[in-house]
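Working notes for the structure below.
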Amino acid sequence: MILIDGKKAAAELRQELKHEVTGLKAKYNKVPGLTVILIGDLTPSQIYVRNKEKSANEVGLKSEVIKYPDSVEEKTVLEKIKELNTDETVSGILVQLPLPKHINKQKVIETILPSKDVDGFHPMNVGNLSSGYESSVPCTPLGCYLLIKKVEPNLNGKKAVIVGRSNLNGKPMTQLLLKENCTVTITHSKTKDLKAECLEADIIVAAVGIPELVKGDWVKKDTIVIDVGINKTDKGIVGDVDFDEVSKNAKALTPVPGGVGPMTIACLLKNTIECFKRTQI
Ligand code: NAP
């Protein structure tokens, strides 16, 4: 079984991006800039943002974090986004989710200029991705896609089963694999026989949020299994895939932690650089 090392893949990607930023700096005499807006003092969000800032600095991006208290008014955040939209030194804008209840997430997402939407959540980017046009792609599915391609560069005709249909993970994952000519089945909580669907798959991507849902006897011998889940349990952090069982069966599997997670941040940096490049003449 191939243990897909997300930490190593992310380190390699960051190295490539660092070289790319050096080249862009030499060519344009400026570097891509990422601005993250962090609202409130939720510990996981603070940790994510700190890691994003650290990684951005490591590859040579200009990085900035704007912090607001939980009580910040929605209009203050929207005004700040509009200001960043017109700031030429800012290539990418990310508003860390989740947001306090009084702030409308959709309004925030739609206020970000699509060309600076490094999360790929703006409806214009969602539409472009599903139409096969150039777009920002949500970072986690992009990371999953890059890991799958490392194991199997040619995905033509492969049968992929996506478990979970969230806008964040399942749906964009579907689009990315469709583009690669996979035959994609997207499953969810109302799917009748999830085990039978998974047993058909050459590729399984599990993004559900249920600890160890995907079992060993759901997986064929030659299946690539990508585990997006991050679930806190009594035995620590586990994924949506039963690692011990599935690792005996699958062709390749991502561990949790150390699989998809590290790729997510590296892909955010990649998206920031892509946004920068698209605006240069
Ligand atoms: P989400 O928005 O809660 O969506 C979960 C999806 O799973 C829904 O489509 C739901 O179906 C489906 N589902 C629920 N129970 C199911 C079942 N028994 N069988 C099949 N499908 C079922 O979750 P998410 O935001 O995509 O996150 C999924 C997991 O990924 C979480 O553990 C999250 O922490 C993790 N995550 C990891 C990263 C990373 O960087 N590694 C990033 C983001 C999220 P319905 O639509 O029918 O309700």
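By order in the structure tokens, chains are A, B, ...; within a chain, residues start at 1; ligands start at 1, following the order shown.
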Please identify every polymer residue within 7 Å of ligand 1, using only C-alpha atoms and all ligand atoms, and present the set as a VMD selection string.
chain A and resid 140 163 to 166 168 to 170 187 to 191 194 207 to 210 228 to 231 239 to 240 260 to 261 264
Those of segment 69-211 of chain A in DSSP strand (DSSP E or B), formatted as a ChimeraX atom specification
/A:92-95,117,159-163,183-187,203-206
Can you write just those residues out, all heavy atoms, as a short mmCIF file (atom, residue, chain, number, x, y, z; two decimals), in the first residue's frame?
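Listing of out.cif after writing:
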data_model
loop_
_atom_site.label_atom_id
_atom_site.label_comp_id
_atom_site.auth_asym_id
_atom_site.auth_seq_id
_atom_site.Cartn_x
_atom_site.Cartn_y
_atom_site.Cartn_z
N GLY A 92 -4.69 38.24 -3.24
CA GLY A 92 -5.70 37.30 -2.76
C GLY A 92 -6.27 37.73 -1.43
O GLY A 92 -5.54 38.24 -0.56
N ILE A 93 -7.59 37.55 -1.28
CA ILE A 93 -8.26 37.89 -0.01
C ILE A 93 -8.95 36.63 0.50
O ILE A 93 -9.64 35.93 -0.26
CB ILE A 93 -9.35 38.97 -0.23
CG1 ILE A 93 -8.74 40.22 -0.88
CG2 ILE A 93 -10.06 39.32 1.07
CD1 ILE A 93 -9.80 41.19 -1.42
N LEU A 94 -8.74 36.36 1.78
CA LEU A 94 -9.42 35.21 2.39
C LEU A 94 -10.06 35.66 3.70
O LEU A 94 -9.40 36.30 4.52
CB LEU A 94 -8.40 34.11 2.66
CG LEU A 94 -8.90 32.81 3.29
CD1 LEU A 94 -8.03 31.66 2.82
CD2 LEU A 94 -8.89 32.85 4.80
N VAL A 95 -11.34 35.37 3.87
CA VAL A 95 -11.98 35.64 5.16
C VAL A 95 -12.13 34.29 5.85
O VAL A 95 -12.78 33.38 5.33
CB VAL A 95 -13.35 36.32 4.97
CG1 VAL A 95 -14.00 36.59 6.32
CG2 VAL A 95 -13.20 37.62 4.19
N ASP A 117 -10.38 35.98 -5.13
CA ASP A 117 -11.05 35.01 -4.27
C ASP A 117 -10.20 33.73 -4.19
O ASP A 117 -10.45 32.76 -4.90
CB ASP A 117 -12.44 34.73 -4.86
CG ASP A 117 -13.11 33.51 -4.26
OD1 ASP A 117 -12.93 33.26 -3.07
OD2 ASP A 117 -13.81 32.81 -5.03
N LYS A 159 -13.25 5.33 -12.26
CA LYS A 159 -14.53 5.54 -11.57
C LYS A 159 -14.22 6.15 -10.20
O LYS A 159 -13.51 5.56 -9.39
CB LYS A 159 -15.23 4.19 -11.43
CG LYS A 159 -16.47 4.22 -10.59
CD LYS A 159 -17.70 3.85 -11.40
CE LYS A 159 -18.98 3.77 -10.56
NZ LYS A 159 -19.42 4.95 -9.92
N ALA A 160 -14.73 7.37 -9.98
CA ALA A 160 -14.47 8.05 -8.70
C ALA A 160 -15.77 8.17 -7.91
O ALA A 160 -16.82 8.46 -8.47
CB ALA A 160 -13.91 9.45 -8.97
N VAL A 161 -15.69 7.89 -6.62
CA VAL A 161 -16.85 8.07 -5.74
C VAL A 161 -16.48 9.11 -4.69
O VAL A 161 -15.49 8.97 -3.97
CB VAL A 161 -17.26 6.73 -5.07
CG1 VAL A 161 -18.32 6.98 -3.99
CG2 VAL A 161 -17.79 5.77 -6.13
N ILE A 162 -17.26 10.19 -4.67
CA ILE A 162 -17.04 11.25 -3.70
C ILE A 162 -18.07 11.07 -2.59
O ILE A 162 -19.28 10.98 -2.87
CB ILE A 162 -17.26 12.66 -4.34
CG1 ILE A 162 -16.57 12.78 -5.71
CG2 ILE A 162 -16.84 13.77 -3.40
CD1 ILE A 162 -15.10 12.63 -5.71
N VAL A 163 -17.61 10.97 -1.36
CA VAL A 163 -18.53 10.81 -0.24
C VAL A 163 -18.67 12.17 0.43
O VAL A 163 -17.70 12.69 1.01
CB VAL A 163 -18.05 9.73 0.75
CG1 VAL A 163 -19.17 9.42 1.75
CG2 VAL A 163 -17.63 8.46 0.02
N THR A 183 -15.37 9.04 -14.33
CA THR A 183 -16.83 8.89 -14.21
C THR A 183 -17.11 9.06 -12.72
O THR A 183 -16.62 8.27 -11.90
CB THR A 183 -17.26 7.49 -14.68
OG1 THR A 183 -16.82 7.35 -16.03
CG2 THR A 183 -18.77 7.32 -14.58
N VAL A 184 -17.82 10.13 -12.39
CA VAL A 184 -17.90 10.51 -10.97
C VAL A 184 -19.30 10.26 -10.39
O VAL A 184 -20.30 10.66 -10.98
CB VAL A 184 -17.54 12.00 -10.78
CG1 VAL A 184 -17.47 12.33 -9.29
CG2 VAL A 184 -16.22 12.33 -11.46
N THR A 185 -19.33 9.61 -9.26
CA THR A 185 -20.58 9.45 -8.49
C THR A 185 -20.42 10.28 -7.23
O THR A 185 -19.41 10.16 -6.52
CB THR A 185 -20.78 7.97 -8.09
OG1 THR A 185 -20.83 7.20 -9.29
CG2 THR A 185 -22.06 7.79 -7.30
N ILE A 186 -21.40 11.14 -6.96
CA ILE A 186 -21.34 11.93 -5.73
C ILE A 186 -22.39 11.39 -4.76
O ILE A 186 -23.55 11.25 -5.12
CB ILE A 186 -21.44 13.45 -6.01
CG1 ILE A 186 -21.33 14.23 -4.70
CG2 ILE A 186 -22.66 13.85 -6.79
CD1 ILE A 186 -20.86 15.66 -4.89
N THR A 187 -21.94 11.03 -3.57
CA THR A 187 -22.85 10.42 -2.59
C THR A 187 -23.03 11.35 -1.39
O THR A 187 -22.26 12.30 -1.22
CB THR A 187 -22.29 9.06 -2.11
OG1 THR A 187 -21.08 9.31 -1.40
CG2 THR A 187 -22.03 8.12 -3.27
N ILE A 203 -11.26 5.41 -7.26
CA ILE A 203 -10.83 6.52 -6.40
C ILE A 203 -11.98 6.83 -5.44
O ILE A 203 -13.13 6.97 -5.89
CB ILE A 203 -10.55 7.79 -7.24
CG1 ILE A 203 -9.42 7.54 -8.25
CG2 ILE A 203 -10.21 9.00 -6.35
CD1 ILE A 203 -9.41 8.54 -9.40
N ILE A 204 -11.67 6.93 -4.16
CA ILE A 204 -12.68 7.37 -3.19
C ILE A 204 -12.15 8.63 -2.52
O ILE A 204 -10.99 8.66 -2.08
CB ILE A 204 -12.95 6.31 -2.09
CG1 ILE A 204 -13.53 5.03 -2.70
CG2 ILE A 204 -13.88 6.86 -1.00
CD1 ILE A 204 -13.66 3.86 -1.71
N VAL A 205 -12.97 9.68 -2.47
CA VAL A 205 -12.62 10.85 -1.68
C VAL A 205 -13.70 10.98 -0.61
O VAL A 205 -14.88 11.15 -0.93
CB VAL A 205 -12.56 12.14 -2.54
CG1 VAL A 205 -12.18 13.34 -1.66
CG2 VAL A 205 -11.55 11.98 -3.68
N ALA A 206 -13.30 10.87 0.65
CA ALA A 206 -14.27 10.93 1.75
C ALA A 206 -14.17 12.27 2.45
O ALA A 206 -13.14 12.61 3.03
CB ALA A 206 -14.00 9.79 2.74
#
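Distance-wise, atom CA of Met263 of chain A and atom CA of Gly143 of chain A end up 4.9 Å apart.
Nearest residue to His19 of chain A, choosing from A:Pro44, A:Gly60, A:Thr76, A:Gln280 and counting only C-alpha atoms: A:Gly60.
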From A:Thr43, A:Thr89, A:Asn167, A:Gln15, residue lying nearest Gly127 of chain A [only C-alpha atoms]:
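Nearest candidate to Gly127 of chain A out of A:Thr43, A:Thr89, A:Asn167, A:Gln15: A:Asn167.
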Leaving out segment 106-114 of chain A and any residue of its chain fewer than 2 positions from it, which residues lie within 10 Å of it when counting only C-alpha atoms, given as a ChimeraX atom specification?
/A:74-75,77-82,84-86,92-95,99,103-104,116-126,135-136,275
Those residues you just picked out, can you put them in a file as a JSON list (two decimals), in the first residue's frame with C-alpha atoms?
[["chain", "number", "residue", "atom", "x", "y", "z"],
["A", 74, "GLU", "CA", -20.82, 43.35, 9.09],
["A", 75, "LYS", "CA", -20.55, 46.64, 7.24],
["A", 77, "VAL", "CA", -15.90, 43.90, 7.22],
["A", 78, "LEU", "CA", -17.57, 44.52, 3.85],
["A", 79, "GLU", "CA", -15.99, 47.99, 3.61],
["A", 80, "LYS", "CA", -12.55, 46.52, 4.36],
["A", 81, "ILE", "CA", -13.03, 43.87, 1.65],
["A", 82, "LYS", "CA", -13.99, 46.57, -0.87],
["A", 84, "LEU", "CA", -8.71, 45.38, -0.40],
["A", 85, "ASN", "CA", -10.42, 44.72, -3.75],
["A", 86, "THR", "CA", -8.92, 47.95, -5.08],
["A", 92, "GLY", "CA", -5.70, 37.30, -2.76],
["A", 93, "ILE", "CA", -8.26, 37.89, -0.01],
["A", 94, "LEU", "CA", -9.42, 35.21, 2.39],
["A", 95, "VAL", "CA", -11.98, 35.64, 5.16],
["A", 99, "LEU", "CA", -18.01, 33.76, 10.94],
["A", 103, "ILE", "CA", -22.29, 38.32, 9.72],
["A", 104, "ASN", "CA", -23.78, 36.96, 6.49],
["A", 116, "LYS", "CA", -8.93, 37.85, -5.65],
["A", 117, "ASP", "CA", -11.05, 35.01, -4.27],
["A", 118, "VAL", "CA", -8.26, 32.60, -3.24],
["A", 119, "ASP", "CA", -10.75, 30.25, -1.56],
["A", 120, "GLY", "CA", -12.70, 29.75, -4.79],
["A", 121, "PHE", "CA", -16.03, 30.22, -3.00],
["A", 122, "HIS", "CA", -17.38, 33.17, -5.04],
["A", 123, "PRO", "CA", -20.34, 32.03, -7.21],
["A", 124, "MET", "CA", -18.46, 33.25, -10.29],
["A", 125, "ASN", "CA", -15.54, 30.93, -9.52],
["A", 126, "VAL", "CA", -17.91, 28.07, -8.68],
["A", 135, "SER", "CA", -11.09, 29.82, -11.93],
["A", 136, "SER", "CA", -9.82, 29.70, -8.37],
["A", 275, "CYS", "CA", -4.46, 35.24, -8.85]]
I need the residues of segment 19-223 of chain A that end up classed as helix (DSSP H, G or I) by DSSP on the backbone, written out as a ChimeraX atom specification.
/A:19-28,43-59,74-85,105-111,114-116,123-131,139-151,170-179,194-199,216-218
